[in-house]
$ cat coords.txt   # compact mmCIF, C-alpha atoms
# COMPACT_ATOMS: atom_id res chain seq x y z
CA MET R 16 0.00 0.00 0.00
CA LEU R 17 1.34 3.42 -0.94
CA ILE R 18 2.06 5.65 2.05
CA SER R 19 1.32 9.27 1.16
CA GLN R 20 2.63 10.67 4.43
CA ILE R 21 6.41 10.75 4.48
CA LEU R 22 8.37 11.29 7.68
CA SER R 23 8.61 15.09 7.75
CA SER R 24 11.18 15.68 10.47
CA LEU R 25 14.27 13.90 11.69
CA ARG R 26 15.94 13.88 15.10
CA CYS R 27 19.47 15.20 14.75
CA GLY R 28 20.93 15.53 18.22
CA ASN R 29 19.17 18.34 20.06
CA GLN R 30 17.40 19.67 16.98
CA LEU R 31 14.74 18.52 14.53
CA LEU R 32 15.49 18.69 10.81
CA ASN R 33 12.33 19.90 9.09
CA LEU R 34 11.75 18.19 5.74
CA SER R 35 8.35 19.67 4.92
CA SER R 36 10.31 21.41 2.15
CA PRO R 37 13.35 19.83 0.46
CA VAL R 38 16.75 20.71 1.91
CA VAL R 39 20.37 20.69 0.76
CA MET R 40 23.18 18.54 2.12
CA SER R 41 26.51 20.03 1.08
CA VAL R 42 29.54 17.84 0.44
CA LEU R 43 32.72 18.64 2.38
CA ASN R 44 35.40 16.21 1.27
CA VAL R 45 38.37 16.22 3.62
CA THR R 46 40.26 14.12 1.09
CA PRO R 47 42.99 14.49 -1.54
CA ASP R 48 41.30 12.24 -4.11
CA SER R 49 37.52 12.72 -4.39
CA PHE R 50 36.32 12.61 -7.99
CA TYR R 51 35.39 16.31 -8.18
CA ALA R 52 38.61 18.17 -7.43
CA PRO R 53 37.10 21.54 -6.32
CA SER R 54 35.23 19.73 -3.52
CA ARG R 55 38.43 18.59 -1.83
CA THR R 56 39.76 20.14 1.34
CA ALA R 57 42.55 18.78 3.50
CA ASN R 58 44.99 19.76 6.24
CA ASN R 59 43.74 23.31 6.79
CA LEU R 60 41.04 23.66 9.44
CA GLU R 61 40.70 27.41 8.99
CA LYS R 62 40.01 27.16 5.26
CA THR R 63 37.73 24.16 5.79
CA LEU R 64 35.66 26.12 8.33
CA GLU R 65 35.53 29.07 5.95
CA LYS R 66 34.25 26.83 3.16
CA ALA R 67 31.68 25.16 5.40
CA SER R 68 30.49 28.52 6.75
CA GLN R 69 29.92 29.69 3.17
CA MET R 70 27.90 26.54 2.47
CA ALA R 71 25.69 27.24 5.49
CA LEU R 72 25.34 30.90 4.51
CA GLU R 73 24.18 29.86 1.05
CA GLY R 74 21.46 27.68 2.58
CA ALA R 75 22.84 24.20 3.23
CA ARG R 76 21.02 22.65 6.21
CA ILE R 77 23.38 19.67 6.40
CA ILE R 78 27.13 19.51 5.85
CA ASP R 79 28.41 16.02 5.06
CA VAL R 80 32.03 15.50 6.12
CA GLY R 81 33.83 12.69 4.32
CA GLY R 82 37.39 11.48 4.83
CA MET R 83 37.51 8.61 2.34
CA SER R 84 36.63 8.80 -1.34
CA SER R 85 33.82 6.52 -2.52
CA ARG R 86 34.33 7.16 -6.23
CA PRO R 87 34.30 4.05 -8.45
CA GLY R 88 37.58 2.21 -8.04
CA ALA R 89 38.53 3.99 -4.82
CA THR R 90 40.50 1.96 -2.29
CA GLU R 91 40.12 2.01 1.48
CA ILE R 92 42.28 4.08 3.76
CA SER R 93 42.94 3.03 7.35
CA GLU R 94 40.43 3.69 10.08
CA ALA R 95 42.98 5.84 11.89
CA GLU R 96 43.59 8.01 8.83
CA GLU R 97 39.87 8.46 8.24
CA MET R 98 39.42 9.66 11.83
CA ASP R 99 42.46 11.93 11.63
CA ARG R 100 40.87 13.60 8.63
CA ILE R 101 37.29 14.08 9.78
CA ILE R 102 37.17 14.30 13.60
CA PRO R 103 38.93 17.69 13.92
CA VAL R 104 36.72 19.06 11.14
CA ILE R 105 33.50 17.85 12.78
CA GLU R 106 34.59 19.33 16.10
CA ILE R 107 35.22 22.79 14.64
CA LEU R 108 32.04 22.76 12.55
CA ALA R 109 29.87 21.66 15.49
CA LYS R 110 31.34 24.45 17.60
CA ASN R 111 31.03 27.21 15.00
CA LEU R 112 27.87 26.17 13.09
CA PRO R 113 25.52 25.00 15.88
CA SER R 114 22.31 25.32 13.83
CA THR R 115 23.70 23.23 10.96
CA VAL R 116 23.36 19.45 10.98
CA ILE R 117 26.82 17.90 10.74
CA SER R 118 26.86 14.53 9.00
CA ALA R 119 29.70 12.01 9.03
CA ASP R 120 30.09 10.14 5.75
CA THR R 121 31.41 6.79 6.99
CA TYR R 122 30.55 3.09 7.09
CA ARG R 123 32.80 2.27 10.04
CA SER R 124 31.35 1.90 13.53
CA ARG R 125 34.36 3.25 15.41
CA VAL R 126 34.62 6.28 13.13
CA ALA R 127 30.88 6.91 13.55
CA GLU R 128 31.16 6.68 17.35
CA GLU R 129 34.01 9.21 17.45
CA ALA R 130 32.25 11.46 14.94
CA ILE R 131 29.13 11.57 17.11
CA LYS R 132 31.23 12.38 20.17
CA ALA R 133 32.79 15.21 18.15
CA GLY R 134 29.37 16.67 17.29
CA ALA R 135 27.98 14.81 14.26
CA THR R 136 24.22 14.28 14.46
CA MET R 137 23.79 12.30 11.24
CA ILE R 138 25.59 9.25 9.87
CA ASN R 139 25.69 8.84 6.09
CA ASP R 140 26.47 5.19 5.36
CA ILE R 141 27.09 4.21 1.73
CA SER R 142 27.11 0.52 2.70
CA GLY R 143 23.74 0.30 4.42
CA GLY R 144 25.37 -1.42 7.38
CA SER R 145 26.81 -4.23 5.26
CA LEU R 146 30.51 -3.38 5.67
CA ASP R 147 30.51 -3.04 9.47
CA GLU R 148 27.71 -4.78 11.34
CA ALA R 149 28.44 -2.81 14.52
CA LEU R 150 27.55 0.50 12.87
CA TRP R 151 23.82 0.12 13.48
CA ASP R 152 24.45 -0.50 17.18
CA VAL R 153 26.31 2.82 17.33
CA VAL R 154 23.45 4.64 15.60
CA ALA R 155 20.91 2.99 17.91
CA ARG R 156 22.72 4.30 20.99
CA HIS R 157 22.60 7.94 19.95
CA PRO R 158 19.94 10.51 18.98
CA VAL R 159 21.16 10.79 15.39
CA SER R 160 19.66 10.38 11.95
CA TYR R 161 20.86 7.66 9.62
CA VAL R 162 21.22 7.71 5.83
CA ILE R 163 21.04 4.21 4.41
CA MET R 164 22.33 3.97 0.85
CA HIS R 165 22.15 1.14 -1.65
CA MET R 166 25.45 -0.24 -2.89
CA ARG R 167 26.80 -3.65 -3.74
CA GLY R 168 30.35 -4.59 -2.77
CA LYS R 169 32.79 -1.76 -2.13
CA PRO R 170 33.70 1.33 -4.18
CA GLU R 171 36.72 -0.52 -5.58
CA ASN R 172 34.56 -3.23 -7.19
CA MET R 173 30.96 -1.95 -7.14
CA GLN R 174 30.78 -1.22 -10.88
CA ALA R 175 31.26 -4.93 -11.57
CA MET R 176 27.98 -5.61 -9.71
CA THR R 177 25.31 -4.02 -11.90
CA ASP R 178 23.15 -7.03 -12.83
CA TYR R 179 19.56 -6.73 -11.58
CA GLN R 180 16.36 -8.56 -12.37
CA ASP R 181 14.67 -5.18 -12.08
CA VAL R 182 16.66 -2.38 -10.51
CA ILE R 183 13.68 -0.63 -8.86
CA SER R 184 12.16 -3.84 -7.47
CA ASP R 185 15.54 -4.99 -6.22
CA LEU R 186 16.14 -1.65 -4.48
CA LEU R 187 12.71 -1.79 -2.86
CA LYS R 188 13.43 -5.28 -1.50
CA TYR R 189 16.81 -4.11 -0.25
CA PHE R 190 15.31 -1.18 1.67
CA VAL R 191 12.42 -3.23 3.08
CA ASN R 192 14.86 -5.78 4.49
CA LYS R 193 17.20 -3.13 5.85
CA LEU R 194 14.36 -1.16 7.45
CA ARG R 195 13.18 -4.29 9.28
CA GLY R 196 16.62 -4.63 10.83
CA LEU R 197 16.80 -0.94 11.72
CA HIS R 198 13.34 -1.02 13.32
CA ARG R 199 14.32 -3.98 15.48
CA LEU R 200 17.05 -1.77 16.94
CA GLY R 201 14.68 1.17 17.39
CA ILE R 202 16.25 3.24 14.58
CA ARG R 203 13.50 5.26 12.89
CA ASP R 204 15.09 8.58 11.95
CA VAL R 205 16.05 7.21 8.56
CA ILE R 206 16.77 8.64 5.11
CA LEU R 207 16.82 6.41 2.02
CA ASP R 208 19.46 6.95 -0.67
CA PRO R 209 19.08 4.71 -3.75
CA GLY R 210 22.77 5.20 -4.57
CA PHE R 211 22.93 7.01 -7.90
CA GLY R 212 26.29 6.04 -9.40
CA PHE R 213 26.88 3.13 -7.02
CA SER R 214 26.71 -0.41 -8.48
CA LYS R 215 24.60 0.88 -11.36
CA LYS R 216 25.00 1.47 -15.08
CA MET R 217 24.12 4.86 -16.52
CA GLU R 218 20.68 3.71 -17.72
CA GLN R 219 19.92 2.26 -14.28
CA ASN R 220 20.88 5.54 -12.60
CA PHE R 221 18.39 7.46 -14.70
CA GLN R 222 15.74 4.80 -14.15
CA VAL R 223 16.17 5.35 -10.40
CA ILE R 224 15.51 9.08 -10.78
CA ASP R 225 12.57 8.53 -13.11
CA GLN R 226 10.90 6.15 -10.62
CA LEU R 227 12.08 7.77 -7.40
CA ASN R 228 8.49 8.37 -6.27
CA VAL R 229 8.03 4.60 -5.94
CA PHE R 230 10.12 4.71 -2.76
CA ARG R 231 7.46 6.87 -1.11
CA MET R 232 5.60 3.67 -0.27
CA LEU R 233 8.24 3.00 2.40
CA GLY R 234 7.30 6.16 4.32
CA TYR R 235 10.79 7.66 4.60
CA PRO R 236 12.41 10.70 2.96
CA THR R 237 14.77 10.09 0.06
CA MET R 238 18.13 11.68 -0.57
CA ILE R 239 19.70 11.94 -4.01
CA GLY R 240 23.40 12.41 -4.70
CA VAL R 241 23.73 13.09 -8.42
CA SER R 242 26.01 16.12 -8.25
CA ARG R 243 28.51 16.22 -11.14
CA LYS R 244 28.60 12.42 -11.44
CA SER R 245 29.90 10.57 -14.47
CA SER R 246 26.44 9.54 -15.71
CA ILE R 247 25.76 13.23 -16.36
CA SER R 248 29.09 13.53 -18.20
CA GLN R 249 28.19 10.51 -20.32
CA VAL R 250 24.93 12.15 -21.41
CA THR R 251 26.25 15.69 -21.96
CA GLY R 252 29.76 14.89 -23.15
CA ARG R 253 31.19 17.32 -20.61
CA SER R 254 33.74 16.91 -17.82
CA ALA R 255 32.72 16.94 -14.15
CA GLU R 256 33.81 20.59 -13.96
CA GLU R 257 31.31 21.43 -16.74
CA THR R 258 28.27 19.50 -15.53
CA LEU R 259 26.61 22.00 -13.19
CA ASP R 260 23.76 22.68 -15.64
CA GLY R 261 23.14 18.97 -16.11
CA THR R 262 23.27 18.46 -12.35
CA THR R 263 20.67 21.18 -11.79
CA ALA R 264 18.39 19.66 -14.43
CA LEU R 265 18.62 16.29 -12.73
CA HIS R 266 18.03 17.90 -9.32
CA MET R 267 14.75 19.34 -10.59
CA ALA R 268 13.73 15.94 -11.98
CA ALA R 269 14.49 14.34 -8.60
CA LEU R 270 12.51 17.01 -6.74
CA MET R 271 9.54 16.48 -9.02
CA LYS R 272 9.73 12.78 -8.18
CA GLY R 273 9.74 13.39 -4.43
CA ALA R 274 13.36 13.85 -3.28
CA SER R 275 13.59 15.42 0.17
CA ILE R 276 17.35 16.01 0.32
CA LEU R 277 19.77 16.98 -2.44
CA ARG R 278 23.40 16.07 -1.70
CA VAL R 279 25.42 18.62 -3.68
CA HIS R 280 28.77 20.23 -4.37
CA ASP R 281 27.19 23.56 -5.40
CA VAL R 282 24.76 24.94 -2.83
CA LYS R 283 23.30 28.05 -4.50
CA PRO R 284 22.06 26.35 -7.70
CA ALA R 285 20.44 23.59 -5.63
CA ILE R 286 18.75 26.13 -3.34
CA ASP R 287 17.43 27.93 -6.43
CA ALA R 288 16.12 24.65 -7.87
CA ILE R 289 14.28 23.98 -4.61
CA ALA R 290 12.80 27.50 -4.64
CA ILE R 291 11.46 26.97 -8.18
CA TYR R 292 10.17 23.52 -7.26
CA ASN R 293 8.38 24.91 -4.19
CA LYS R 294 6.70 27.61 -6.31
CA LEU R 295 5.55 25.00 -8.82
CA HIS R 296 4.22 22.86 -5.98
CA GLU R 297 2.45 25.86 -4.48
CA ALA R 298 0.85 26.66 -7.85
CA LYS R 299 -0.34 23.04 -8.16
CA ILE R 300 -2.00 23.20 -4.73
CA HIS R 301 -3.81 26.43 -5.59
$ encode --input "coords.txt" --output "structure tokens"
Amino acid sequence: MLISQILSSLRCGNQLLNLSSPVVMSVLNVTPDSFYAPSRTANNLEKTLEKASQMALEGARIIDVGGMSSRPGATEISEAEEMDRIIPVIEILAKNLPSTVISADTYRSRVAEEAIKAGATMINDISGGSLDEALWDVVARHPVSYVIMHMRGKPENMQAMTDYQDVISDLLKYFVNKLRGLHRLGIRDVILDPGFGFSKKMEQNFQVIDQLNVFRMLGYPTMIGVSRKSSISQVTGRSAEETLDGTTALHMAALMKGASILRVHDVKPAIDAIAIYNKLHEAKIH
């Protein structure tokens, strides 16, 4: 049965994240190797805080701090290195941007635990709990929101795992099974991310966007991370640095299909897309 009422607010520490209107999650990569070079920051807390403050000023409600690239083919770094990269950043952001939700982009339980202690109030897990079974126990112990993404394997081999009977049906089954496990642990502040660009061919990525509204039946908000990804480059013939227009077009398509959170590299264009979407939605109601 289709659920028309989607969870409209999420517990993020001592604040509620209102999702009655779509919001922006801004990417803050504390890495030397993420696929989109301008998104990288590393080894300079002052400049990282300045960049994050600008993101918040432009309208980002969530800042997602990542210390390990998840681009196709990326290899793992050590747990210690991941923590060395992100924990000082989370601490300074939590102190200086108290009204902004700070998310930790990690699939490791120990990293998540330390990130929450440092001030993170959201965990963004590309593995859906499949790469570290203890991660869900960490989330269950704290008043944080949890992003569960769909991916097969690991970033280093995920693009060899793109065979589906039906990609939308398979994703629905995946989320239903994962949500059962989360509910058993009392985790209900959940965001679903179908994993655009993860373990999917270009055609499958666009099928996910086109049928994104199907995931409404699960009753949870959806997040989409399409920003400057290679599927857009494949369609437009442009490099990642030249795909902002294509990204914005795909953001509007995702919003029209029910996306609640846009995970982006470029905040202002996404905020503008949401403003236009909201006006269209308002006109439809009237």
$ residues_around --input "coords.txt" --residues "R:Asn33" --least-positions-apart "6" --cutoff "7 Å" --atoms "all atoms listed in the file" --output "JSON list (two decimals) with C-alpha atoms, in the frame of the given file"
[["chain", "number", "residue", "atom", "x", "y", "z"],
["R", 23, "SER", "CA", 8.61, 15.09, 7.75],
["R", 24, "SER", "CA", 11.18, 15.68, 10.47],
["R", 25, "LEU", "CA", 14.27, 13.90, 11.69]]
$ residues_around --input "coords.txt" --residues "stretch 179-191 of chain R" --least-positions-apart "3" --cutoff "8 Å" --atoms "all atoms listed in the file" --output "PyMOL selection string"
chain R and resi 165+194-195+207+209+219+222-223+226+230+233
$ closest_residue --input "coords.txt" --among "R:Phe221, R:Tyr122, R:Tyr161, R:Phe213" --to "R:Arg86" --atoms "only C-alpha atoms"
R:Phe213
$ atom_distance --input "coords.txt" --atom1 "atom CA of R:Ile163" --atom2 "atom CA of R:His296"
27.2 Å
$ closest_residue --input "coords.txt" --among "R:Thr115, R:Gln249, R:Asn139, R:Asn29" --to "R:Pro158" --atoms "all atoms listed in the file"
R:Asn29
$ closest_residue --input "coords.txt" --among "R:Glu148, R:Val282, R:Asp204, R:Ser93" --to "R:Leu31" --atoms "all atoms listed in the file"
R:Asp204
$ atom_distance --input "coords.txt" --atom1 "atom CA of R:Val154" --atom2 "atom CA of R:Ser41"
21.4 Å
$ closest_residue --input "coords.txt" --among "R:Lys62, R:Arg167, R:Lys294, R:Arg203" --to "R:Ile107" --atoms "only C-alpha atoms"
R:Lys62
$ closest_residue --input "coords.txt" --among "R:Val205, R:Glu61, R:Glu256, R:Ile105" --to "R:Lys132" --atoms "only C-alpha atoms"
R:Ile105
$ atom_distance --input "coords.txt" --atom1 "atom CA of R:Ala155" --atom2 "atom CA of R:Ile117"
17.6 Å
$ axis_aligned_box --input "coords.txt" --around "stretch 35-47 of chain R" --padding-each-side "3 Å" --output "JSON"
{"center_x": 25.7, "center_y": 17.8, "center_z": 1.7, "size_x": 40.6, "size_y": 13.3, "size_z": 12.5}
$ closest_residue --input "coords.txt" --among "R:Lys215, R:His157, R:Lys193, R:Arg100" --to "R:Ser145" --atoms "all atoms listed in the file"
R:Lys193
$ build_atoms --input "coords.txt" --residues "stretch 59-89 of chain R" --atoms "N, CA and C atoms" --output "compact mmCIF listing (two decimals), in the coordinates of the input"
# COMPACT_ATOMS: atom_id res chain seq x y z
N ASN R 59 43.81 21.89 6.44
CA ASN R 59 43.74 23.31 6.79
C ASN R 59 42.38 23.58 7.41
N LEU R 60 42.32 23.52 8.74
CA LEU R 60 41.04 23.66 9.44
C LEU R 60 40.41 25.03 9.21
N GLU R 61 41.23 26.06 9.16
CA GLU R 61 40.70 27.41 8.99
C GLU R 61 39.99 27.56 7.64
N LYS R 62 40.63 27.07 6.59
CA LYS R 62 40.01 27.16 5.26
C LYS R 62 38.79 26.23 5.15
N THR R 63 38.86 25.09 5.81
CA THR R 63 37.73 24.16 5.79
C THR R 63 36.53 24.79 6.49
N LEU R 64 36.74 25.43 7.63
CA LEU R 64 35.66 26.12 8.33
C LEU R 64 35.10 27.25 7.48
N GLU R 65 35.98 27.98 6.82
CA GLU R 65 35.53 29.07 5.95
C GLU R 65 34.64 28.54 4.83
N LYS R 66 35.04 27.42 4.24
CA LYS R 66 34.25 26.83 3.16
C LYS R 66 32.90 26.34 3.68
N ALA R 67 32.92 25.67 4.82
CA ALA R 67 31.68 25.16 5.40
C ALA R 67 30.75 26.29 5.81
N SER R 68 31.29 27.37 6.35
CA SER R 68 30.49 28.52 6.75
C SER R 68 29.80 29.13 5.53
N GLN R 69 30.52 29.17 4.40
CA GLN R 69 29.92 29.69 3.17
C GLN R 69 28.78 28.78 2.70
N MET R 70 28.97 27.48 2.83
CA MET R 70 27.90 26.54 2.47
C MET R 70 26.64 26.80 3.30
N ALA R 71 26.83 26.98 4.60
CA ALA R 71 25.69 27.24 5.49
C ALA R 71 25.04 28.57 5.16
N LEU R 72 25.85 29.59 4.87
CA LEU R 72 25.34 30.90 4.51
C LEU R 72 24.50 30.85 3.24
N GLU R 73 24.90 30.00 2.31
CA GLU R 73 24.18 29.86 1.05
C GLU R 73 22.90 29.04 1.19
N GLY R 74 22.73 28.37 2.34
CA GLY R 74 21.46 27.68 2.58
C GLY R 74 21.54 26.20 2.86
N ALA R 75 22.73 25.63 2.92
CA ALA R 75 22.84 24.20 3.23
C ALA R 75 22.39 23.94 4.67
N ARG R 76 21.47 23.01 4.86
CA ARG R 76 21.02 22.65 6.21
C ARG R 76 21.88 21.56 6.82
N ILE R 77 22.53 20.78 5.96
CA ILE R 77 23.38 19.67 6.40
C ILE R 77 24.73 19.81 5.70
N ILE R 78 25.80 19.58 6.45
CA ILE R 78 27.13 19.51 5.85
C ILE R 78 27.67 18.11 6.10
N ASP R 79 28.00 17.42 5.01
CA ASP R 79 28.41 16.02 5.06
C ASP R 79 29.92 15.93 4.96
N VAL R 80 30.57 15.53 6.04
CA VAL R 80 32.03 15.50 6.12
C VAL R 80 32.53 14.10 5.79
N GLY R 81 33.32 13.99 4.73
CA GLY R 81 33.83 12.69 4.32
C GLY R 81 35.35 12.67 4.29
N GLY R 82 35.94 11.59 4.80
CA GLY R 82 37.39 11.48 4.83
C GLY R 82 37.95 10.41 3.93
N MET R 83 37.04 9.68 3.23
CA MET R 83 37.51 8.61 2.34
C MET R 83 36.68 8.63 1.07
N SER R 84 37.34 8.74 -0.07
CA SER R 84 36.63 8.80 -1.34
C SER R 84 35.84 7.52 -1.58
N SER R 85 34.64 7.68 -2.14
CA SER R 85 33.82 6.52 -2.52
C SER R 85 33.59 6.49 -4.03
N ARG R 86 34.45 7.19 -4.78
CA ARG R 86 34.33 7.16 -6.23
C ARG R 86 34.57 5.74 -6.73
N PRO R 87 34.04 5.39 -7.91
CA PRO R 87 34.30 4.05 -8.45
C PRO R 87 35.80 3.76 -8.54
N GLY R 88 36.18 2.61 -8.01
CA GLY R 88 37.58 2.21 -8.04
C GLY R 88 38.39 2.67 -6.85
N ALA R 89 37.79 3.48 -5.97
CA ALA R 89 38.53 3.99 -4.82
C ALA R 89 38.88 2.86 -3.87
